[in-house]
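Novice: Below is the file structure14.txt, with compact mmCIF, C-alpha atoms.
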```txt
# COMPACT_ATOMS: atom_id res chain seq x y z
CA MET A 505 12.74 5.80 24.44
CA SER A 506 12.25 2.49 26.20
CA GLN A 507 13.27 -0.79 24.57
CA PRO A 508 10.35 -2.06 22.52
CA ASP A 509 8.64 -5.25 23.61
CA TYR A 510 9.67 -7.36 20.63
CA VAL A 511 7.37 -9.97 19.17
CA TYR A 512 8.83 -13.29 17.97
CA PHE A 513 7.53 -16.13 15.82
CA GLU A 514 6.60 -18.04 18.98
CA ASP A 515 4.27 -15.17 20.03
CA MET A 516 2.32 -15.36 16.78
CA VAL A 517 0.00 -18.18 17.75
CA PRO A 518 -2.87 -18.80 15.31
CA GLY A 519 -6.06 -17.33 16.76
CA ARG A 520 -4.27 -14.69 18.80
CA VAL A 521 -5.55 -11.12 18.32
CA LEU A 522 -3.36 -8.09 19.06
CA ARG A 523 -4.86 -4.61 19.28
CA SER A 524 -3.12 -1.29 18.61
CA ALA A 525 -3.70 2.06 20.25
CA SER A 526 -5.57 4.66 18.17
CA LEU A 527 -3.75 7.19 16.03
CA PRO A 528 -4.65 10.85 16.52
CA PRO A 529 -7.50 12.01 14.26
CA LEU A 530 -6.31 12.27 10.66
CA THR A 531 -6.27 15.87 9.53
CA ARG A 532 -7.53 17.28 6.25
CA GLU A 533 -4.01 18.66 5.68
CA ALA A 534 -2.38 15.24 6.11
CA ILE A 535 -4.83 13.71 3.60
CA LEU A 536 -4.06 16.48 1.10
CA ALA A 537 -0.28 16.28 1.58
CA PHE A 538 -0.22 12.52 0.98
CA ALA A 539 -2.53 12.80 -2.04
CA ARG A 540 -0.52 15.57 -3.69
CA GLU A 541 2.59 13.46 -3.48
CA TYR A 542 1.27 9.98 -4.17
CA ASP A 543 -2.36 9.85 -5.31
CA PRO A 544 -3.42 13.09 -7.02
CA GLN A 545 -6.99 12.07 -7.85
CA PRO A 546 -10.00 14.36 -7.31
CA GLN A 547 -11.53 12.41 -4.40
CA HIS A 548 -8.32 12.97 -2.42
CA LEU A 549 -7.56 16.60 -3.35
CA GLY A 550 -10.21 18.52 -1.39
CA GLU A 551 -13.93 18.82 -0.76
CA GLU A 552 -14.70 20.65 -4.00
CA SER A 553 -12.99 18.30 -6.43
CA ALA A 554 -14.22 15.32 -4.40
CA ALA A 555 -17.85 16.48 -4.67
CA GLU A 556 -17.57 16.19 -8.46
CA SER A 557 -15.61 12.94 -8.37
CA ASN A 558 -16.90 9.43 -9.09
CA LEU A 559 -16.68 8.56 -5.42
CA GLY A 560 -18.25 11.85 -4.29
CA VAL A 561 -16.52 11.92 -0.90
CA PHE A 562 -13.29 13.67 0.15
CA CYS A 563 -11.21 10.87 1.61
CA ALA A 564 -7.69 9.58 2.14
CA SER A 565 -5.87 7.57 -0.49
CA GLY A 566 -6.08 3.85 0.19
CA TRP A 567 -2.26 3.88 0.16
CA HIS A 568 -2.37 6.44 2.94
CA THR A 569 -4.66 4.20 5.00
CA GLY A 570 -2.36 1.29 4.28
CA SER A 571 0.74 3.24 5.27
CA LEU A 572 -0.85 4.41 8.53
CA THR A 573 -1.83 0.80 9.20
CA MET A 574 1.78 -0.24 8.60
CA ARG A 575 2.83 2.18 11.33
CA LEU A 576 0.26 0.73 13.74
CA ILE A 577 1.44 -2.80 12.93
CA ALA A 578 5.11 -1.85 13.45
CA GLU A 579 4.24 -0.32 16.83
CA THR A 580 1.96 -3.17 17.94
CA THR A 581 4.16 -6.08 16.84
CA PRO A 582 7.71 -4.67 16.79
CA ILE A 583 10.10 -7.24 15.34
CA LYS A 584 13.77 -7.30 16.37
CA GLY A 585 15.69 -6.51 13.18
CA GLY A 586 12.50 -5.60 11.32
CA GLY A 587 9.75 -7.60 9.66
CA MET A 588 10.22 -8.98 6.18
CA GLY A 589 6.92 -8.67 4.37
CA ALA A 590 6.62 -10.93 1.35
CA GLY A 591 3.30 -9.63 0.10
CA LEU A 592 -0.26 -8.79 0.95
CA GLU A 593 -3.82 -8.51 -0.23
CA VAL A 594 -5.82 -5.42 0.69
CA ARG A 595 -9.40 -4.15 0.37
CA TRP A 596 -10.87 -0.79 1.33
CA PRO A 597 -14.56 -1.25 2.19
CA ARG A 598 -15.20 2.33 3.38
CA PRO A 599 -13.51 5.73 2.89
CA VAL A 600 -11.27 7.29 5.55
CA VAL A 601 -12.34 10.91 6.06
CA PRO A 602 -10.82 13.86 7.95
CA GLY A 603 -11.11 13.37 11.70
CA ASP A 604 -11.02 9.58 11.55
CA ALA A 605 -8.87 8.05 14.29
CA LEU A 606 -7.54 4.72 13.05
CA ARG A 607 -6.61 1.63 15.02
CA VAL A 608 -5.83 -1.91 13.96
CA GLU A 609 -6.61 -5.43 15.10
CA ILE A 610 -4.10 -8.08 14.08
CA GLU A 611 -5.28 -11.69 13.98
CA VAL A 612 -2.78 -14.49 13.51
CA LEU A 613 -4.03 -16.98 10.91
CA GLU A 614 -1.12 -19.36 10.30
CA ALA A 615 2.43 -19.79 11.53
CA ARG A 616 5.10 -22.29 10.48
CA VAL A 617 8.89 -22.54 10.66
CA SER A 618 10.54 -21.56 7.37
CA LYS A 619 11.94 -24.53 5.43
CA SER A 620 14.67 -22.51 3.74
CA ARG A 621 15.53 -20.38 6.83
CA PRO A 622 14.94 -22.46 9.97
CA ASP A 623 15.85 -19.49 12.22
CA LYS A 624 12.73 -17.74 10.92
CA GLY A 625 9.01 -18.38 10.91
CA VAL A 626 6.49 -17.59 8.20
CA VAL A 627 3.39 -15.94 9.65
CA THR A 628 0.15 -15.13 7.87
CA PHE A 629 -1.99 -12.57 9.66
CA ARG A 630 -5.08 -10.55 8.92
CA THR A 631 -5.31 -6.91 9.89
CA THR A 632 -8.53 -4.94 10.12
CA THR A 633 -8.21 -1.18 10.36
CA PHE A 634 -11.10 0.52 12.12
CA ASN A 635 -12.22 4.12 12.42
CA GLN A 636 -13.43 5.62 15.73
CA ARG A 637 -16.95 4.30 15.03
CA ASP A 638 -15.51 0.76 14.94
CA GLU A 639 -16.29 0.53 11.23
CA PRO A 640 -13.70 -1.37 9.17
CA VAL A 641 -11.91 0.84 6.65
CA GLN A 642 -9.30 -1.68 5.50
CA HIS A 643 -8.98 -5.46 5.42
CA CYS A 644 -5.54 -6.86 4.72
CA THR A 645 -3.92 -10.29 4.73
CA HIS A 646 -0.15 -10.28 5.14
CA THR A 647 2.61 -12.87 4.98
CA ALA A 648 5.87 -12.03 6.72
CA LEU A 649 9.00 -13.60 8.17
CA PHE A 650 9.44 -13.36 11.96
CA PRO A 651 12.67 -14.25 13.81
CA ARG A 652 12.45 -17.16 16.26
CA ARG A 653 13.04 -16.50 19.94
CA GLY A 654 16.40 -17.40 21.45
CA MET B 1379 -1.34 22.52 -16.87
CA SER B 1380 -2.86 20.92 -19.95
CA GLN B 1381 -6.03 18.83 -19.72
CA PRO B 1382 -5.06 15.25 -18.96
CA ASP B 1383 -5.69 12.64 -21.62
CA TYR B 1384 -8.34 10.68 -19.73
CA VAL B 1385 -8.60 6.93 -19.99
CA TYR B 1386 -12.04 5.28 -20.10
CA PHE B 1387 -13.30 1.75 -19.66
CA GLU B 1388 -13.29 1.32 -23.44
CA ASP B 1389 -9.53 2.05 -23.54
CA MET B 1390 -8.78 -0.74 -21.09
CA VAL B 1391 -8.71 -3.59 -23.60
CA PRO B 1392 -7.41 -6.89 -22.22
CA GLY B 1393 -3.86 -7.42 -23.41
CA ARG B 1394 -3.10 -3.71 -23.74
CA VAL B 1395 0.09 -2.54 -21.99
CA LEU B 1396 0.55 1.09 -20.93
CA ARG B 1397 3.96 2.39 -19.89
CA SER B 1398 4.72 5.28 -17.54
CA ALA B 1399 7.61 7.71 -17.63
CA SER B 1400 10.32 7.22 -14.99
CA LEU B 1401 10.25 9.04 -11.68
CA PRO B 1402 13.38 10.96 -10.68
CA PRO B 1403 15.84 8.82 -8.67
CA LEU B 1404 14.51 8.19 -5.18
CA THR B 1405 16.63 9.98 -2.59
CA ARG B 1406 17.90 8.63 0.70
CA GLU B 1407 16.09 11.51 2.41
CA ALA B 1408 12.73 10.61 0.83
CA ILE B 1409 13.11 6.98 1.94
CA LEU B 1410 13.91 8.12 5.49
CA ALA B 1411 11.06 10.65 5.65
CA PHE B 1412 8.47 8.08 4.55
CA ALA B 1413 9.83 5.45 6.93
CA ARG B 1414 9.87 7.76 9.95
CA GLU B 1415 6.21 8.57 9.38
CA TYR B 1416 4.81 5.22 8.25
CA ASP B 1417 7.22 2.30 8.57
CA PRO B 1418 9.82 2.88 11.30
CA GLN B 1419 11.65 -0.43 10.96
CA PRO B 1420 15.46 -0.73 10.98
CA GLN B 1421 15.84 -1.67 7.29
CA HIS B 1422 14.17 1.63 6.33
CA LEU B 1423 15.80 3.97 8.87
CA GLY B 1424 19.33 4.31 7.51
CA GLU B 1425 22.40 2.35 6.42
CA GLU B 1426 23.58 1.57 9.96
CA SER B 1427 20.38 0.17 11.39
CA ALA B 1428 19.72 -1.61 8.08
CA ALA B 1429 23.10 -3.36 8.19
CA GLU B 1430 22.05 -5.00 11.46
CA SER B 1431 18.50 -5.72 10.32
CA ASN B 1432 17.05 -9.05 9.21
CA LEU B 1433 16.95 -7.87 5.60
CA GLY B 1434 20.45 -6.34 5.77
CA VAL B 1435 19.82 -3.69 3.12
CA PHE B 1436 18.75 -0.05 3.52
CA CYS B 1437 15.65 0.20 1.37
CA ALA B 1438 12.30 1.91 0.94
CA SER B 1439 9.18 0.68 2.71
CA GLY B 1440 7.03 -1.45 0.44
CA TRP B 1441 4.23 1.02 1.16
CA HIS B 1442 6.46 3.76 -0.21
CA THR B 1443 7.06 1.79 -3.40
CA GLY B 1444 3.32 1.15 -3.64
CA SER B 1445 2.47 4.81 -3.11
CA LEU B 1446 4.98 5.93 -5.76
CA THR B 1447 3.49 3.33 -8.09
CA MET B 1448 0.02 4.76 -7.39
CA ARG B 1449 1.29 8.15 -8.57
CA LEU B 1450 2.68 6.62 -11.77
CA ILE B 1451 -0.63 4.83 -12.39
CA ALA B 1452 -2.64 8.03 -11.79
CA GLU B 1453 -0.41 9.90 -14.26
CA THR B 1454 -0.38 7.14 -16.89
CA THR B 1455 -4.09 6.26 -16.79
CA PRO B 1456 -5.82 9.44 -15.51
CA ILE B 1457 -9.52 8.74 -14.93
CA LYS B 1458 -12.09 11.53 -15.24
CA GLY B 1459 -13.56 11.88 -11.74
CA GLY B 1460 -10.92 9.56 -10.26
CA GLY B 1461 -10.48 5.81 -10.15
CA MET B 1462 -12.31 3.73 -7.58
CA GLY B 1463 -10.01 1.00 -6.42
CA ALA B 1464 -11.74 -1.93 -4.79
CA GLY B 1465 -8.68 -3.82 -3.70
CA LEU B 1466 -5.36 -5.24 -4.72
CA GLU B 1467 -2.73 -7.87 -4.18
CA VAL B 1468 0.90 -6.85 -3.98
CA ARG B 1469 4.34 -8.51 -3.77
CA TRP B 1470 7.76 -6.96 -3.40
CA PRO B 1471 10.35 -9.27 -5.02
CA ARG B 1472 13.35 -6.94 -4.62
CA PRO B 1473 14.22 -3.94 -2.40
CA VAL B 1474 14.06 -0.35 -3.69
CA VAL B 1475 17.29 1.42 -2.75
CA PRO B 1476 18.42 5.07 -2.87
CA GLY B 1477 18.97 6.22 -6.44
CA ASP B 1478 16.41 3.85 -7.95
CA ALA B 1479 14.29 5.50 -10.67
CA LEU B 1480 10.94 3.73 -10.78
CA ARG B 1481 8.59 3.27 -13.71
CA VAL B 1482 5.52 1.12 -14.17
CA GLU B 1483 4.01 -1.08 -16.85
CA ILE B 1484 0.24 -1.55 -16.65
CA GLU B 1485 -1.24 -4.61 -18.36
CA VAL B 1486 -5.01 -4.94 -18.73
CA LEU B 1487 -6.14 -8.44 -17.74
CA GLU B 1488 -9.95 -8.31 -17.72
CA ALA B 1489 -12.65 -5.72 -18.39
CA ARG B 1490 -16.43 -6.00 -18.08
CA VAL B 1491 -19.35 -3.62 -17.68
CA SER B 1492 -20.52 -3.37 -14.07
CA LYS B 1493 -23.80 -5.16 -13.39
CA SER B 1494 -24.82 -2.86 -10.54
CA ARG B 1495 -23.54 0.35 -12.18
CA PRO B 1496 -23.90 0.05 -15.98
CA ASP B 1497 -22.26 3.47 -16.50
CA LYS B 1498 -19.03 1.98 -15.14
CA GLY B 1499 -16.69 -0.85 -16.06
CA VAL B 1500 -14.80 -3.17 -13.78
CA VAL B 1501 -11.18 -3.52 -14.87
CA THR B 1502 -8.57 -5.90 -13.52
CA PHE B 1503 -5.01 -4.91 -14.35
CA ARG B 1504 -1.55 -5.97 -13.35
CA THR B 1505 1.17 -3.44 -12.67
CA THR B 1506 4.87 -4.20 -12.59
CA THR B 1507 7.11 -1.54 -11.10
CA PHE B 1508 10.67 -1.60 -12.40
CA ASN B 1509 13.90 0.04 -11.30
CA GLN B 1510 16.33 1.64 -13.79
CA ARG B 1511 17.96 -1.76 -14.35
CA ASP B 1512 14.59 -3.08 -15.57
CA GLU B 1513 14.36 -5.35 -12.53
CA PRO B 1514 10.84 -5.75 -11.09
CA VAL B 1515 10.52 -4.31 -7.57
CA GLN B 1516 6.75 -4.69 -7.21
CA HIS B 1517 4.05 -6.86 -8.73
CA CYS B 1518 0.47 -5.80 -8.12
CA THR B 1519 -2.95 -6.88 -9.35
CA HIS B 1520 -5.67 -4.25 -9.05
CA THR B 1521 -9.41 -4.16 -9.55
CA ALA B 1522 -10.99 -0.76 -10.15
CA LEU B 1523 -14.08 0.93 -11.57
CA PHE B 1524 -13.59 3.02 -14.72
CA PRO B 1525 -16.23 5.38 -16.19
CA ARG B 1526 -17.54 4.48 -19.65
CA ARG B 1527 -16.92 6.88 -22.50
CA GLY B 1528 -19.72 9.14 -23.70
```
Mind turning the file's structure into structure tokens?

Specialist:
Amino acid sequence: MSQPDYVYFEDMVPGRVLRSASLPPLTREAILAFAREYDPQPQHLGEESAAESNLGVFCASGWHTGSLTMRLIAETTPIKGGGMGAGLEVRWPRPVVPGDALRVEIEVLEARVSKSRPDKGVVTFRTTTFNQRDEPVQHCTHTALFPRRG
Amino acid sequence: MSQPDYVYFEDMVPGRVLRSASLPPLTREAILAFAREYDPQPQHLGEESAAESNLGVFCASGWHTGSLTMRLIAETTPIKGGGMGAGLEVRWPRPVVPGDALRVEIEVLEARVSKSRPDKGVVTFRTTTFNQRDEPVQHCTHTALFPRRG
């Protein structure tokens, strides 16, 4: 494996947009496996139970979408020593269904040097996760600590 | 499996607190498996890489903690036809480490009948996920649609 191209606080300039590659299409089996372990609700457990559910559509757990987005973020903005996420706010405007190939756009909103840890920067960024029809399936605003370059 | 004891909009009375059972202690292997698939950052990939990471502690991905909390919520407040989560806000005040046995407390904050879907109610609730030392490891505020009874 080649050395990742690390991203530092100084790279996270407000207004900058970083784009991930697309994940392979999400399989029915992957949706089921995640749901059985973490979100056993009828809309996530198969076409039949989903058809009778309140949502009416067989789709991935929002936590599955969020976790896949985390992977895309970690691959698109790899941080030396790892990111330190403080918290986030997330919305799921549209279900993720089998066959969807997800990708993410990361937009830097704010960046400032940490007062308590001057070797780090506090970055607020918005991620939008899209399906292969370029429809947003998740909106998220994150705050995380990034190491400073040098 | 017995029929779950479904929770309806009318059960979600502001001020009410519902408590889950505890999950079994989270294993090192489960933390690693989740991280390899969804959050491959050094603090989640083993004791050695974590020791050199920015956080310095081998711990579960926040998305793992959130997904385990989702399971506890689904088991503690099962919704006939499934819950419809609109969005949430989450913070992770403390790392989840191998051996931690998580449980959740669910506090109802607000509940109102939906204007656009009068057969449903919109409920805002706060969940606090605790470890076995009763230390909070996740704070989350959720908004979701619940079916009305009857």

Novice: May I have the residues of chain B within 10 Å of chain A, counting all atoms listed in the file, written as a PDB file with C-alpha atoms, in the coordinates of the input?

Specialist:
```pdb
ATOM      1  CA  PHE B1412       8.470   8.080   4.550  1.00  0.00           C
ATOM      2  CA  ALA B1413       9.830   5.450   6.930  1.00  0.00           C
ATOM      3  CA  ARG B1414       9.870   7.760   9.950  1.00  0.00           C
ATOM      4  CA  GLU B1415       6.210   8.570   9.380  1.00  0.00           C
ATOM      5  CA  TYR B1416       4.810   5.220   8.250  1.00  0.00           C
ATOM      6  CA  ASP B1417       7.220   2.300   8.570  1.00  0.00           C
ATOM      7  CA  PRO B1418       9.820   2.880  11.300  1.00  0.00           C
ATOM      8  CA  GLN B1419      11.650  -0.430  10.960  1.00  0.00           C
ATOM      9  CA  PRO B1420      15.460  -0.730  10.980  1.00  0.00           C
ATOM     10  CA  GLN B1421      15.840  -1.670   7.290  1.00  0.00           C
ATOM     11  CA  HIS B1422      14.170   1.630   6.330  1.00  0.00           C
ATOM     12  CA  SER B1427      20.380   0.170  11.390  1.00  0.00           C
ATOM     13  CA  ALA B1428      19.720  -1.610   8.080  1.00  0.00           C
ATOM     14  CA  ALA B1429      23.100  -3.360   8.190  1.00  0.00           C
ATOM     15  CA  GLU B1430      22.050  -5.000  11.460  1.00  0.00           C
ATOM     16  CA  SER B1431      18.500  -5.720  10.320  1.00  0.00           C
ATOM     17  CA  ASN B1432      17.050  -9.050   9.210  1.00  0.00           C
ATOM     18  CA  LEU B1433      16.950  -7.870   5.600  1.00  0.00           C
ATOM     19  CA  GLY B1434      20.450  -6.340   5.770  1.00  0.00           C
ATOM     20  CA  SER B1439       9.180   0.680   2.710  1.00  0.00           C
ATOM     21  CA  GLY B1440       7.030  -1.450   0.440  1.00  0.00           C
ATOM     22  CA  TRP B1441       4.230   1.020   1.160  1.00  0.00           C
ATOM     23  CA  HIS B1442       6.460   3.760  -0.210  1.00  0.00           C
ATOM     24  CA  GLY B1444       3.320   1.150  -3.640  1.00  0.00           C
ATOM     25  CA  SER B1445       2.470   4.810  -3.110  1.00  0.00           C
ATOM     26  CA  LEU B1446       4.980   5.930  -5.760  1.00  0.00           C
ATOM     27  CA  THR B1447       3.490   3.330  -8.090  1.00  0.00           C
ATOM     28  CA  MET B1448       0.020   4.760  -7.390  1.00  0.00           C
ATOM     29  CA  ARG B1449       1.290   8.150  -8.570  1.00  0.00           C
ATOM     30  CA  LEU B1450       2.680   6.620 -11.770  1.00  0.00           C
ATOM     31  CA  ILE B1451      -0.630   4.830 -12.390  1.00  0.00           C
ATOM     32  CA  ALA B1452      -2.640   8.030 -11.790  1.00  0.00           C
ATOM     33  CA  GLU B1453      -0.410   9.900 -14.260  1.00  0.00           C
ATOM     34  CA  PRO B1456      -5.820   9.440 -15.510  1.00  0.00           C
ATOM     35  CA  ILE B1457      -9.520   8.740 -14.930  1.00  0.00           C
ATOM     36  CA  LYS B1458     -12.090  11.530 -15.240  1.00  0.00           C
ATOM     37  CA  GLY B1459     -13.560  11.880 -11.740  1.00  0.00           C
ATOM     38  CA  GLY B1460     -10.920   9.560 -10.260  1.00  0.00           C
ATOM     39  CA  GLY B1461     -10.480   5.810 -10.150  1.00  0.00           C
ATOM     40  CA  MET B1462     -12.310   3.730  -7.580  1.00  0.00           C
ATOM     41  CA  GLY B1463     -10.010   1.000  -6.420  1.00  0.00           C
ATOM     42  CA  ALA B1464     -11.740  -1.930  -4.790  1.00  0.00           C
ATOM     43  CA  GLY B1465      -8.680  -3.820  -3.700  1.00  0.00           C
ATOM     44  CA  LEU B1466      -5.360  -5.240  -4.720  1.00  0.00           C
ATOM     45  CA  GLU B1467      -2.730  -7.870  -4.180  1.00  0.00           C
ATOM     46  CA  VAL B1468       0.900  -6.850  -3.980  1.00  0.00           C
ATOM     47  CA  ARG B1469       4.340  -8.510  -3.770  1.00  0.00           C
ATOM     48  CA  TRP B1470       7.760  -6.960  -3.400  1.00  0.00           C
ATOM     49  CA  PRO B1471      10.350  -9.270  -5.020  1.00  0.00           C
ATOM     50  CA  ARG B1472      13.350  -6.940  -4.620  1.00  0.00           C
ATOM     51  CA  LYS B1498     -19.030   1.980 -15.140  1.00  0.00           C
ATOM     52  CA  GLN B1516       6.750  -4.690  -7.210  1.00  0.00           C
ATOM     53  CA  HIS B1517       4.050  -6.860  -8.730  1.00  0.00           C
ATOM     54  CA  CYS B1518       0.470  -5.800  -8.120  1.00  0.00           C
ATOM     55  CA  THR B1519      -2.950  -6.880  -9.350  1.00  0.00           C
ATOM     56  CA  HIS B1520      -5.670  -4.250  -9.050  1.00  0.00           C
ATOM     57  CA  THR B1521      -9.410  -4.160  -9.550  1.00  0.00           C
ATOM     58  CA  LEU B1523     -14.080   0.930 -11.570  1.00  0.00           C
ATOM     59  CA  PHE B1524     -13.590   3.020 -14.720  1.00  0.00           C
ATOM     60  CA  PRO B1525     -16.230   5.380 -16.190  1.00  0.00           C
TER      61      PRO B1525
END
```

Novice: One decimal, in Å: what's the spacing between CA of Thr1505 in chain B and CA of Val1385 in chain B?

Specialist: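 CA of Thr1505 in chain B sits 16.0 Å away from CA of Val1385 in chain B.
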
Novice: Please indicate the distance in Å from CA of Ser1492 in chain B to CA of Pro599 in chain A, rounded to one decimal place.

Specialist: 20.5 Å

Novice: What does the distance between CA of Phe629 in chain A and CA of Ile610 in chain A come to in Å, to one decimal place?

Specialist: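 One can read the CA of Phe629 in chain A to CA of Ile610 in chain A distance as 6.6 Å.
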
Novice: Using only C-alpha atoms for the distances, tell me which of B:Arg1481, B:Arg1526, B:Glu1425, B:Glu1407 is nearest to Val1500 in chain B.

Specialist: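 Residue with the minimum atom-to-atom distance to Val1500 in chain B: B:Arg1526.
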
Novice: Rank B:Glu1488, B:Asp1497, B:Asp1512, B:Glu1483 by their smallest atom-to-atom distance to Gly1528 in chain B, using only C-alpha atoms, and report the top residue only.

Specialist: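 Looking only at the distances to Gly1528 in chain B, the closest residue turns out to be B:Asp1497.
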